[in-house]
Every structure is written in structure tokens, then in C-alpha cells.
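Printed here is query11.txt (compact mmCIF, C-alpha atoms):
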```txt
# COMPACT_ATOMS: atom_id res chain seq x y z
CA MET C 1214 -3.14 35.28 4.29
CA SER C 1215 -0.97 33.21 6.58
CA PRO C 1216 1.17 34.78 9.33
CA THR C 1217 4.24 33.98 7.26
CA ASP C 1218 2.96 36.15 4.41
CA ALA C 1219 1.61 38.86 6.67
CA GLN C 1220 4.96 39.27 8.41
CA HIS C 1221 6.57 40.06 5.07
CA ASP C 1222 3.84 42.13 3.45
CA VAL C 1223 4.88 45.30 5.29
CA THR C 1224 8.51 44.65 6.17
CA GLN C 1225 9.74 43.99 2.64
CA HIS C 1226 8.20 46.69 0.44
CA ASP C 1227 11.59 47.27 -1.16
CA VAL C 1228 14.17 44.84 -2.43
CA ALA C 1229 16.90 44.47 0.18
CA ALA C 1230 19.63 47.05 0.33
CA ASP C 1231 22.36 44.65 -0.69
CA SER C 1232 20.52 43.26 -3.74
CA PRO C 1233 21.34 45.93 -6.40
CA GLN C 1234 24.95 44.74 -6.56
CA ASP C 1235 23.62 41.23 -7.16
CA ALA C 1236 21.07 42.18 -9.81
CA PRO C 1237 21.92 41.23 -13.40
CA SER C 1238 21.32 43.59 -16.29
CA LEU C 1239 18.17 43.05 -18.31
CA PRO C 1240 20.07 41.39 -21.21
CA GLU C 1241 21.85 39.12 -18.73
CA ALA C 1242 18.55 38.22 -17.10
CA LYS C 1243 16.96 37.40 -20.43
CA ALA C 1244 19.89 35.16 -21.33
CA TRP C 1245 19.54 33.37 -17.96
CA LEU C 1246 15.82 32.94 -18.51
CA ARG C 1247 16.29 31.61 -22.05
CA THR C 1248 18.79 29.02 -20.83
CA HIS C 1249 16.58 27.86 -17.99
CA LEU C 1250 13.58 27.63 -20.30
CA ALA C 1251 15.50 25.61 -22.88
CA GLU C 1252 16.71 23.21 -20.18
CA ARG C 1253 13.31 23.18 -18.39
CA ARG C 1254 14.93 24.25 -15.14
CA ASN C 1255 13.37 26.22 -12.32
CA PRO C 1256 11.33 28.43 -12.71
CA PHE C 1257 10.30 26.88 -16.04
CA ASN C 1258 9.73 23.24 -15.08
CA ALA C 1259 6.15 23.04 -16.34
CA ILE C 1260 5.34 26.17 -18.34
CA GLY C 1261 4.33 26.40 -22.01
CA GLU C 1262 7.58 26.98 -23.86
CA ALA C 1263 6.36 29.15 -26.74
CA ALA C 1264 4.42 31.58 -24.57
CA ALA C 1265 7.19 31.81 -21.98
CA ALA C 1266 9.77 32.50 -24.70
CA GLN C 1267 7.64 35.35 -26.01
CA TYR C 1268 7.31 36.92 -22.58
CA ILE C 1269 11.04 36.62 -21.93
CA GLU C 1270 11.76 38.68 -25.04
CA THR C 1271 9.28 41.41 -24.07
CA LEU C 1272 10.28 41.57 -20.39
CA PRO C 1273 10.56 45.32 -19.65
CA GLY C 1274 12.62 45.21 -16.45
CA LEU C 1275 13.56 43.36 -13.28
CA ASP C 1276 12.16 45.75 -10.69
CA PRO C 1277 9.32 44.10 -8.74
CA VAL C 1278 6.51 46.21 -10.18
CA ARG C 1279 7.36 45.75 -13.85
CA TRP C 1280 8.38 42.13 -13.35
CA ALA C 1281 5.13 41.14 -11.62
CA LYS C 1282 2.92 43.15 -13.97
CA HIS C 1283 4.54 41.60 -17.03
CA TRP C 1284 4.09 37.98 -16.01
CA LEU C 1285 0.62 38.62 -14.60
CA GLY C 1286 -0.31 39.96 -18.04
CA GLY C 1287 0.34 36.52 -19.46
CA ALA C 1288 -1.52 34.90 -16.58
CA THR C 1289 -4.58 37.06 -17.30
CA GLU C 1290 -4.59 36.02 -20.95
CA PHE C 1291 -4.52 32.34 -20.06
CA ALA C 1292 -7.19 32.80 -17.38
CA ALA C 1293 -9.50 34.42 -19.94
CA ALA C 1294 -8.88 31.51 -22.32
CA ALA C 1295 -9.66 29.07 -19.49
CA GLU C 1296 -12.96 30.80 -18.76
CA ARG C 1297 -13.91 30.66 -22.47
CA ALA C 1298 -13.08 26.95 -22.55
CA GLU C 1299 -15.21 26.33 -19.48
CA ALA C 1300 -18.10 28.20 -21.07
CA ASP C 1301 -17.72 25.97 -24.14
CA GLY C 1302 -17.66 22.83 -22.00
CA ASP C 1303 -14.06 21.99 -22.96
CA ARG C 1304 -12.69 20.79 -19.64
CA ARG C 1305 -9.34 19.69 -21.03
CA ALA C 1306 -8.60 23.08 -22.60
CA ALA C 1307 -9.79 24.84 -19.45
CA LEU C 1308 -7.43 22.76 -17.32
CA GLU C 1309 -4.42 23.48 -19.53
CA ASN C 1310 -5.14 27.20 -19.62
CA TRP C 1311 -5.67 27.44 -15.84
CA TRP C 1312 -2.39 25.57 -15.44
CA GLN C 1313 -0.56 28.10 -17.60
CA ALA C 1314 -2.29 31.00 -15.85
CA TYR C 1315 -0.93 29.66 -12.59
CA GLN C 1316 2.57 29.19 -14.05
CA PHE C 1317 2.70 32.80 -15.26
CA ALA C 1318 1.40 34.14 -11.95
CA PHE C 1319 4.04 32.07 -10.14
CA LEU C 1320 6.67 33.78 -12.26
CA GLY C 1321 5.14 37.09 -11.22
CA ARG C 1322 5.99 36.38 -7.56
CA TYR C 1323 9.34 34.68 -8.35
CA PRO C 1324 11.56 34.15 -6.52
CA SER C 1325 9.73 35.41 -3.44
CA PRO C 1326 7.12 38.06 -2.52
CA LEU C 1327 9.66 40.68 -1.48
CA HIS C 1328 7.36 43.49 -2.64
CA PRO C 1329 3.56 44.01 -2.54
CA ALA C 1330 3.38 43.57 -6.32
CA LYS C 1331 4.94 40.13 -6.04
CA LEU C 1332 2.78 39.27 -3.05
CA ALA C 1333 -0.30 40.08 -5.12
CA ALA C 1334 1.04 37.78 -7.87
CA TYR C 1335 1.47 34.99 -5.32
CA GLU C 1336 -2.11 35.35 -4.13
CA GLN C 1337 -3.33 35.28 -7.75
CA ALA C 1338 -1.21 32.19 -8.43
CA ARG C 1339 -2.93 30.37 -5.56
CA THR C 1340 -6.33 31.34 -6.98
CA TYR C 1341 -5.45 29.94 -10.39
CA PHE C 1342 -3.96 26.81 -8.87
CA ALA C 1343 -7.22 26.15 -7.03
CA ARG C 1344 -8.95 25.95 -10.41
CA VAL C 1345 -6.34 23.44 -11.57
CA CYS C 1346 -7.00 21.31 -8.49
CA GLU C 1347 -10.73 21.21 -9.27
CA LEU C 1348 -10.28 20.15 -12.90
CA GLU C 1349 -7.48 17.58 -12.62
CA ASP C 1350 -8.39 14.02 -13.65
CA THR C 1351 -7.71 13.06 -10.05
CA PRO C 1352 -8.86 16.16 -8.13
CA VAL C 1353 -6.43 17.62 -5.62
CA GLU C 1354 -7.68 18.07 -2.07
CA ARG C 1355 -6.81 21.17 -0.05
CA VAL C 1356 -6.57 20.46 3.68
CA SER C 1357 -6.01 22.69 6.72
CA VAL C 1358 -5.34 21.14 10.12
CA PRO C 1359 -5.06 22.94 13.48
CA PHE C 1360 -1.60 23.93 14.66
CA GLU C 1361 -0.75 24.97 18.19
CA GLY C 1362 1.43 27.89 17.31
CA ARG C 1363 3.18 30.26 19.66
CA GLU C 1364 2.41 33.95 19.96
CA GLY C 1365 2.65 35.57 16.55
CA GLU C 1366 2.49 32.24 14.69
CA GLY C 1367 -0.32 30.74 12.67
CA ASP C 1368 -2.97 28.37 13.97
CA SER C 1369 -3.15 25.94 11.03
CA VAL C 1370 -1.05 24.04 8.53
CA THR C 1371 -2.38 24.00 4.96
CA PHE C 1372 -1.39 21.37 2.44
CA LEU C 1373 -2.44 19.73 -0.83
CA VAL C 1374 -3.22 16.03 -1.18
CA ALA C 1375 -2.85 14.45 -4.62
CA ARG C 1376 -3.68 10.79 -5.15
CA PRO C 1377 -2.29 8.44 -7.79
CA PRO C 1378 -4.40 7.67 -10.86
CA GLY C 1379 -6.45 4.52 -10.86
CA GLY C 1380 -7.90 4.69 -7.35
CA SER C 1381 -5.21 2.71 -5.52
CA ALA C 1382 -6.34 1.49 -2.12
CA ARG C 1383 -4.38 3.12 0.72
CA PRO C 1384 -1.32 4.14 -1.31
CA PRO C 1385 1.96 5.03 0.39
CA VAL C 1386 2.55 8.74 0.85
CA VAL C 1387 5.39 11.06 -0.06
CA LEU C 1388 5.37 14.38 1.79
CA MET C 1389 6.94 17.01 -0.49
CA TRP C 1390 8.09 20.59 -0.17
CA GLY C 1391 10.56 22.89 -1.85
CA GLY C 1392 12.89 25.66 -0.81
CA ILE C 1393 12.98 29.43 -0.77
CA ASP C 1394 11.26 29.83 -4.15
CA VAL C 1395 9.61 26.48 -4.97
CA TRP C 1396 6.57 26.11 -2.73
CA LYS C 1397 3.77 23.58 -2.40
CA GLU C 1398 2.08 24.51 -5.68
CA GLU C 1399 5.34 24.15 -7.59
CA SER C 1400 6.27 20.87 -5.90
CA TYR C 1401 2.95 19.46 -7.15
CA ALA C 1402 4.32 19.29 -10.70
CA ARG C 1403 7.50 17.58 -9.45
CA GLY C 1404 5.32 14.93 -7.80
CA ARG C 1405 3.69 13.76 -11.01
CA LEU C 1406 6.25 10.99 -11.59
CA LEU C 1407 5.74 9.74 -8.05
CA ARG C 1408 1.96 9.63 -8.48
CA GLU C 1409 2.41 7.67 -11.71
CA ARG C 1410 4.49 5.21 -9.67
CA GLY C 1411 1.57 4.70 -7.26
CA PHE C 1412 2.38 7.15 -4.47
CA ALA C 1413 0.05 9.75 -3.07
CA THR C 1414 1.81 13.08 -2.67
CA VAL C 1415 1.18 15.65 0.06
CA HIS C 1416 2.52 19.14 -0.61
CA LEU C 1417 3.16 21.79 2.03
CA ASP C 1418 5.35 24.85 2.53
CA LYS C 1419 8.56 24.65 4.52
CA PRO C 1420 9.01 27.02 7.48
CA GLY C 1421 9.32 30.65 6.49
CA VAL C 1422 7.61 30.57 3.09
CA GLY C 1423 4.15 30.44 1.58
CA GLN C 1424 1.40 29.49 4.01
CA SER C 1425 3.67 27.96 6.64
CA PRO C 1426 2.52 29.05 10.11
CA VAL C 1427 6.09 29.47 11.40
CA LEU C 1428 9.33 31.12 10.45
CA ALA C 1429 12.51 29.05 10.17
CA GLY C 1430 14.26 28.24 13.43
CA PRO C 1431 15.88 25.46 15.45
CA ASP C 1432 12.57 23.71 16.22
CA ALA C 1433 10.34 24.69 13.30
CA GLU C 1434 9.94 21.01 12.38
CA ARG C 1435 7.03 21.01 14.84
CA GLN C 1436 4.85 22.28 11.99
CA TRP C 1437 4.82 18.71 10.62
CA ASP C 1438 3.36 17.18 13.80
CA PRO C 1439 -0.31 17.80 12.94
CA VAL C 1440 0.30 16.57 9.38
CA PHE C 1441 1.60 13.23 10.64
CA ASP C 1442 -1.36 13.01 13.03
CA TRP C 1443 -3.75 13.71 10.17
CA LEU C 1444 -2.21 10.94 8.07
CA GLN C 1445 -2.58 8.42 10.89
CA GLY C 1446 -6.31 9.14 10.98
CA ARG C 1447 -6.91 8.47 7.28
CA ASP C 1448 -8.26 5.17 6.00
CA ASP C 1449 -7.61 6.04 2.33
CA LEU C 1450 -3.87 6.73 2.75
CA ASP C 1451 -1.25 4.45 4.30
CA GLY C 1452 -0.03 6.42 7.30
CA ASP C 1453 2.50 3.70 8.10
CA ARG C 1454 4.29 4.08 4.75
CA VAL C 1455 5.24 7.72 4.64
CA ALA C 1456 8.36 9.33 3.19
CA ALA C 1457 9.64 12.92 3.30
CA LEU C 1458 11.12 14.47 0.16
CA GLY C 1459 12.57 17.97 0.51
CA LEU C 1460 13.79 19.84 -2.55
CA SER C 1461 16.56 22.45 -2.53
CA PHE C 1462 16.63 24.26 0.84
CA GLY C 1463 13.67 22.07 1.79
CA GLY C 1464 15.97 19.06 1.76
CA TYR C 1465 17.29 20.31 5.07
CA TRP C 1466 13.91 19.81 6.73
CA ALA C 1467 13.49 16.31 5.27
CA MET C 1468 16.87 15.39 6.71
CA LYS C 1469 16.02 16.82 10.10
CA LEU C 1470 12.67 15.00 10.19
CA ALA C 1471 14.48 11.75 9.37
CA HIS C 1472 16.12 12.10 12.79
CA THR C 1473 13.52 13.91 14.89
CA HIS C 1474 10.48 12.03 13.52
CA ARG C 1475 12.07 8.76 12.50
CA GLU C 1476 9.24 6.75 14.04
CA ARG C 1477 6.79 8.54 11.72
CA LEU C 1478 8.78 8.01 8.51
CA ALA C 1479 9.70 4.99 6.42
CA ALA C 1480 12.28 6.99 4.44
CA ALA C 1481 13.49 10.53 3.76
CA VAL C 1482 15.30 12.28 0.92
CA ASN C 1483 17.44 15.40 1.18
CA TRP C 1484 17.55 16.62 -2.43
CA GLY C 1485 19.99 19.51 -2.52
CA GLY C 1486 19.58 20.85 1.01
CA GLY C 1487 22.18 21.98 3.50
CA VAL C 1488 23.32 20.13 6.62
CA HIS C 1489 26.06 22.12 8.37
CA LEU C 1490 28.67 23.65 6.04
CA THR C 1491 25.98 25.38 4.01
CA PHE C 1492 24.92 27.39 7.04
CA GLN C 1493 28.35 28.74 7.94
CA PRO C 1494 29.15 32.41 7.19
CA GLU C 1495 32.07 31.39 4.97
CA TRP C 1496 29.82 29.41 2.63
CA GLN C 1497 27.15 32.10 2.64
CA GLU C 1498 29.69 34.70 1.57
CA LYS C 1499 30.84 32.36 -1.18
CA SER C 1500 27.34 31.51 -2.40
CA ARG C 1501 25.65 34.91 -2.14
CA HIS C 1502 26.43 35.69 -5.80
CA ALA C 1503 25.70 32.19 -7.18
CA SER C 1504 25.24 32.46 -10.94
CA SER C 1505 22.70 29.63 -10.79
CA TYR C 1506 20.25 32.09 -9.20
CA LEU C 1507 18.69 34.94 -11.17
CA MET C 1508 18.10 37.62 -8.54
CA ASP C 1509 17.30 38.36 -4.90
CA LEU C 1510 18.93 35.19 -3.56
CA MET C 1511 19.94 36.66 -0.21
CA PRO C 1512 16.69 38.60 0.39
CA ALA C 1513 14.75 35.42 -0.39
CA ARG C 1514 16.92 33.45 2.01
CA ALA C 1515 16.64 36.10 4.72
CA ARG C 1516 12.87 36.13 4.38
CA ILE C 1517 12.55 32.67 5.93
CA PHE C 1518 13.72 34.21 9.23
CA GLY C 1519 11.66 37.37 8.81
CA GLY C 1520 14.63 39.41 7.57
CA SER C 1521 15.53 41.06 4.28
CA THR C 1522 19.32 41.33 3.91
CA PHE C 1523 22.44 39.23 3.75
CA ALA C 1524 23.34 40.39 7.25
CA ASP C 1525 19.91 39.32 8.53
CA TYR C 1526 20.37 35.86 7.09
CA VAL C 1527 24.00 35.18 7.88
CA VAL C 1528 23.52 35.93 11.58
CA ARG C 1529 20.67 33.43 11.83
CA CYS C 1530 21.49 30.56 9.48
CA PRO C 1531 24.17 28.92 11.69
CA GLU C 1532 21.44 27.97 14.17
CA LEU C 1533 20.10 25.52 11.57
CA SER C 1534 23.24 23.37 11.62
CA LEU C 1535 22.24 19.76 12.24
CA LEU C 1536 25.76 19.03 13.44
CA ASP C 1537 25.74 21.75 16.09
CA GLN C 1538 22.21 20.78 17.16
CA GLY C 1539 23.45 17.24 17.80
CA VAL C 1540 20.86 15.87 15.37
CA LEU C 1541 23.31 14.18 12.98
CA ASP C 1542 24.50 11.68 15.56
CA ARG C 1543 20.99 10.52 16.44
CA GLU C 1544 19.31 7.50 14.88
CA SER C 1545 17.37 8.13 11.70
CA CYS C 1546 15.01 6.46 9.27
CA PRO C 1547 16.57 5.39 5.94
CA LEU C 1548 18.07 8.49 4.33
CA LEU C 1549 19.00 9.33 0.74
CA LEU C 1550 21.23 12.38 0.12
CA VAL C 1551 21.27 13.74 -3.43
CA ASN C 1552 22.78 16.82 -5.04
CA GLY C 1553 24.77 18.13 -7.98
CA LYS C 1554 28.49 17.90 -7.34
CA ASP C 1555 29.08 21.49 -8.47
CA ASP C 1556 26.29 23.13 -6.46
CA GLN C 1557 26.95 26.85 -5.94
CA GLN C 1558 23.95 27.46 -3.67
CA ASN C 1559 24.28 24.71 -1.06
CA ALA C 1560 27.51 22.92 -0.22
CA ALA C 1561 27.67 19.47 -1.83
CA ALA C 1562 30.38 18.69 0.73
CA ASP C 1563 27.60 18.54 3.32
CA ILE C 1564 26.82 15.08 1.95
CA HIS C 1565 30.30 13.85 2.82
CA LEU C 1566 30.05 15.36 6.30
CA ALA C 1567 26.66 13.75 6.90
CA LEU C 1568 28.05 10.32 5.99
CA GLU C 1569 30.49 10.61 8.88
CA HIS C 1570 27.71 10.82 11.47
CA GLY C 1571 24.79 8.79 12.73
CA ASP C 1572 23.28 5.81 10.98
CA PRO C 1573 24.49 4.64 7.54
CA LYS C 1574 22.97 6.56 4.65
CA THR C 1575 22.62 6.29 0.89
CA ALA C 1576 24.15 9.10 -1.17
CA ARG C 1577 24.37 10.04 -4.83
CA LEU C 1578 26.12 13.00 -6.43
CA PHE C 1579 25.00 13.85 -9.97
CA PRO C 1580 26.73 16.01 -12.56
CA GLY C 1581 25.87 19.68 -12.64
CA GLY C 1582 24.99 22.37 -10.17
CA HIS C 1583 22.22 22.81 -7.63
CA MET C 1584 20.14 19.62 -7.28
CA GLY C 1585 22.04 17.92 -10.12
CA SER C 1586 21.21 17.04 -13.71
CA GLY C 1587 20.25 13.78 -15.37
CA PRO C 1588 17.84 11.13 -14.03
CA VAL C 1589 17.70 12.55 -10.52
CA LEU C 1590 13.98 12.25 -9.82
CA PRO C 1591 13.67 8.75 -11.37
CA THR C 1592 16.56 7.65 -9.14
CA ILE C 1593 14.77 9.07 -6.10
CA ALA C 1594 11.50 7.42 -7.13
CA ASP C 1595 13.20 4.02 -7.45
CA TRP C 1596 14.82 4.39 -4.04
CA LEU C 1597 11.52 5.37 -2.41
CA ALA C 1598 9.70 2.46 -4.06
CA ASP C 1599 12.27 0.05 -2.64
CA ARG C 1600 11.72 1.37 0.88
CA LEU C 1601 7.98 1.93 0.91
CA GLY C 1602 7.11 -1.38 -0.69
CA PRO C 1603 5.39 -2.40 -3.92
CA THR C 1604 3.03 0.16 -5.39
CA ALA C 1605 2.39 -0.79 -8.99
CA LYS C 1606 -0.29 -3.44 -8.35
CA GLU C 1607 -2.10 -1.80 -5.48
CA GLY C 1608 -5.82 -1.51 -5.98
CA ASN C 1609 -5.90 -4.24 -8.67
```
In C-alpha cells, what does this structure look like?
Amino acid sequence: MSPTDAQHDVTQHDVAADSPQDAPSLPEAKAWLRTHLAERRNPFNAIGEAAAAQYIETLPGLDPVRWAKHWLGGATEFAAAAERAEADGDRRAALENWWQAYQFAFLGRYPSPLHPAKLAAYEQARTYFARVCELEDTPVERVSVPFEGREGEGDSVTFLVARPPGGSARPPVVLMWGGIDVWKEESYARGRLLRERGFATVHLDKPGVGQSPVLAGPDAERQWDPVFDWLQGRDDLDGDRVAALGLSFGGYWAMKLAHTHRERLAAAVNWGGGVHLTFQPEWQEKSRHASSYLMDLMPARARIFGGSTFADYVVRCPELSLLDQGVLDRESCPLLLVNGKDDQQNAAADIHLALEHGDPKTARLFPGGHMGSGPVLPTIADWLADRLGPTAKEGN
């Protein structure tokens, strides 16, 4: 268990005190889940639809114990099917069933391990995902590199390395991470399109979640230093053609790295992350009941700082402002800012503010709420391909 997880295992045994007023009723939650499944939105981006629909209807409650137990029940069924397929020598069926076992276990910890039952689901999800990595057509490598953490921090950064199909020689690399609920295992599925386009994808956890060695803070971007160093030492990946792609809250860290590590990056994409306005108390008060989020939004946000309540989060989040840090007016690598114009979680107006500072940037607002709807990822992939060079014919 990483320090990030250990810090929360004891301190967050109960859902935060201010979350009951935010919690939907069970019928409301089921309606939210049905809609997100039908639209293949988080947390249902890559799950089997029929099985997920069945488990939505039989969901007994939203409290952490019943929630985690319910989804882990589905995970156990798929894991048993995967083991039977392996015994029969059916690798393809084993892979699909391990993938679904992981997806159900991920739902068991969703949105964040705020309770020991959800933490146990997260650990089980990682176990199942390791089996997926072993059986993929292009196996996924798990890497840990040393990290010089401060007292109380971790001593390594762990990430996943997925290469494009076809054995491309020294492909360009897209570093990917998500936000408060989508972590490195979940970002792996989002990276499939990029791998099909010829990119290698490297997946890690942003500060304050998953296996990150640090909590969020004004200089937590230092966790990426050993990852960049590792890339420079590889002869099978192009360490000179590297992009950062942060999803949701993780877009913030991609944007910051575009400024603080511009010499290490060929491009960066902030997909739905905050810049300055998002981190102000006024926006946090406005967004704390965002209907686009199912439950525990503020406890999950507070967790990145080691807290558990709205008050814990709102007192800390202003320190992330890239405007107040003076970062926005520094030079940057090429930057793409993307979001949905009606985002209720992070302020889409942050894009307009960012365009008023520093180097010129590319921006695109899509219809819809958080992170936008429509061809968002294909648009990002095209933009990255233009900046990292041709990929389609590499290795031919």
C-alpha cells in the first residue's frame, strides 16, 4: 500500500460529515447510474452493459459497506469465470472476464476509498487489473522508479506502460492520468485510441490518489521528475516526443507541467481541469452539489489533501491556483485546453482566463458538462499527432 492509501485507511473510516445532505436516494442513484451506463460515461466507460445493468437494479444501498460488497460480488463472479477460461486454455475469454472483474471491483471503490470496504475493493481491483496486463495482446508493463520523497511521503512512483500494437520502434509517448476518481487503471482504457494511433501510453496516479507517493500541494508536480528521467533512459520509447494528458482534475497537473517542465514535454492537454477560478471558495460552494457527480464529491476532493470534508478542501484548494502561483505567465510547451461548456464540476471559464496569460494556446469547448461530449478524444488525438510527429508508419 502506498503512503497515499495508508494516510486515508484510518482517517476516513466514515463518509464525511457533510456528505449525507449530498447523498441521493437509492432510486435517484439508480436513475443516475442507468443514464451514465446508457451514455457510457464514467464510471461505465468500459464495463459490460448487460451485467452492469443487472447489478444497478439489484443495488441494495449507497452506504460504503453495501455498495462495495454488491459490486465486488459481480467482480468475484467474473474472476471465477476467468479462472475457468484459463484452465480451459481460452486466453481470450480469460482476458475479457478478468477485465470485467476489474471493472466491477473498480465500481466497488468508486468514487474513492473513503471507507475500509472501498479500500479493500480498490486493492482487489488492482489485483484483477494485473491479470489483464499479463493477458493483453500487447502486455502492459508495471514499473516502479525511486522517488526522493519528504518525511511521510512515499519512496517510489508506480506507473503502467502500454505500447502500441505492431511493435513500433521508439513510439512517441503520452503520459496519462485522471482525477479524483479515475486513476491509472481507468485511464488505461481511455488510452486505447491513442495506442491505435501509434502512441505508447504511460499511466500514473495524480497527487493525492491511488499509489501516488505525495498528497496534492503547490509543488507536488515533483512526482513526475523520476518518470521523465526514466523515459530519457529508454531505447524503446522516444523520450524526446512526450506529451502530458490529464483528465478531469488531472488536467490541472498537465497544465502545470506544461509550464514547469516545458523542456521535457512536446505538448500537454488539460482536459477538464481547473486553473484558477475552479479553486476559489465561491466556485467550490457552487459546485459542491454538482448533479453530474453521484456521491461523495467533496470527501473525494478533500482526500487529495489528506482531509475528509468540504471545509478541509475549501481551505486548501486555493493554493493550487496557477494564476496566484505565477505559473500562468511563464513560458509553456504547446497547450490544448478542452472542456464541456456547461461543466458543473470545474469552471469552464478557466479556459478563457488561461488564454489571457502566458504563451498562446489552443482551446476547444464542446457541448455538454464535465469534460464535454462528442468527438473529444479523437480531437485530442489529432492535435497530439500534429505536435508529436507522424506515428502511423513507424516500425514499417
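Among the candidates C:Ala1594, C:Val1527, C:Leu1428, C:Leu1507, the residue lying nearest to Arg1408 (chain C) is C:Ala1594 (atoms considered: only C-alpha atoms).
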Within 6 Å of Ala1295 (chain C), counting only C-alpha atoms, which residues qualify if same-chain residues fewer than 5 places away don't, as a PyMOL selection string? chain C and resi 1307+1310-1311
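For the choices C:Ser1505, C:Thr1271, C:Asn1552, C:Gln1313, the atom-to-atom distance to Ala1288 (chain C) is smallest for C:Gln1313 when using only C-alpha atoms.
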For Pro1512 (chain C): contacts at 7 Å, all atoms listed in the file, fewer than 2 positions along chain excluded, given as number ranges by chain: C: 1229, 1509-1510, 1514-1516, 1521-1523
Could you list, as a tab-separated table (two decimals) with C-alpha atoms, in the frame of the given file, every residue within 10 Å of Gln1557 (chain C), counting only C-alpha atoms and ignoring same-chain residues fewer than 2 positions away?
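New file result-v1.tsv:
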```tsv
chain	number	residue	atom	x	y	z
C	1496	TRP	CA	29.82	29.41	2.63
C	1499	LYS	CA	30.84	32.36	-1.18
C	1500	SER	CA	27.34	31.51	-2.40
C	1501	ARG	CA	25.65	34.91	-2.14
C	1502	HIS	CA	26.43	35.69	-5.80
C	1503	ALA	CA	25.70	32.19	-7.18
C	1504	SER	CA	25.24	32.46	-10.94
C	1505	SER	CA	22.70	29.63	-10.79
C	1506	TYR	CA	20.25	32.09	-9.20
C	1553	GLY	CA	24.77	18.13	-7.98
C	1554	LYS	CA	28.49	17.90	-7.34
C	1555	ASP	CA	29.08	21.49	-8.47
C	1559	ASN	CA	24.28	24.71	-1.06
C	1560	ALA	CA	27.51	22.92	-0.22
C	1561	ALA	CA	27.67	19.47	-1.83
C	1581	GLY	CA	25.87	19.68	-12.64
C	1582	GLY	CA	24.99	22.37	-10.17
C	1583	HIS	CA	22.22	22.81	-7.63
```
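Residues surrounding Asp1448 (chain C) within 12 Å are Ala1382, Arg1383, Pro1384, Pro1385, Trp1443, Leu1444, Gln1445, Asp1451, Gly1452 and Asp1453 of chain C [all atoms listed in the file; sequence separation below 3 positions excluded].
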Kindly save the residues from that selection, with C-alpha atoms included, as a PDB file, in the coordinates of the input.
```pdb
ATOM      1  CA  ALA C1382      -6.340   1.490  -2.120  1.00  0.00           C
ATOM      2  CA  ARG C1383      -4.380   3.120   0.720  1.00  0.00           C
ATOM      3  CA  PRO C1384      -1.320   4.140  -1.310  1.00  0.00           C
ATOM      4  CA  PRO C1385       1.960   5.030   0.390  1.00  0.00           C
ATOM      5  CA  TRP C1443      -3.750  13.710  10.170  1.00  0.00           C
ATOM      6  CA  LEU C1444      -2.210  10.940   8.070  1.00  0.00           C
ATOM      7  CA  GLN C1445      -2.580   8.420  10.890  1.00  0.00           C
ATOM      8  CA  ASP C1451      -1.250   4.450   4.300  1.00  0.00           C
ATOM      9  CA  GLY C1452      -0.030   6.420   7.300  1.00  0.00           C
ATOM     10  CA  ASP C1453       2.500   3.700   8.100  1.00  0.00           C
TER      11      ASP C1453
END
```
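All residues that come within 8 Å of the coordinates (-7.6, 23.3, -12.4), counting only C-alpha atoms, are given as Ala1307, Leu1308, Glu1309, Trp1311, Trp1312, Tyr1341, Phe1342, Ala1343, Arg1344, Val1345, Cys1346, Glu1347, Leu1348 and Glu1349 of chain C.
Considering all atoms listed in the file, the residue among C:Thr1289, C:Thr1371, C:Met1584, C:Trp1245 positioned nearest to Pro1359 (chain C) is C:Thr1371.
CA of Leu1239 (chain C) sits 20.1 Å away from CA of Ala1263 (chain C).
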Env of Leu1597 (chain C): 8 Å cut, atoms = all atoms listed in the file, seq-sep filter 4 positions within chain, self excluded. Answer as a ChimeraX atom specification. /C:1456,1480,1593,1601
Counting only C-alpha atoms, which of C:Lys1469, C:His1474, C:His1570, C:Arg1247 gets nearest to Glu1262 (chain C)? C:Arg1247
Using all atoms listed in the file, which of C:Gly1321, C:Pro1420, C:Gly1539, C:Pro1591 sits nearest His1489 (chain C)? C:Gly1539
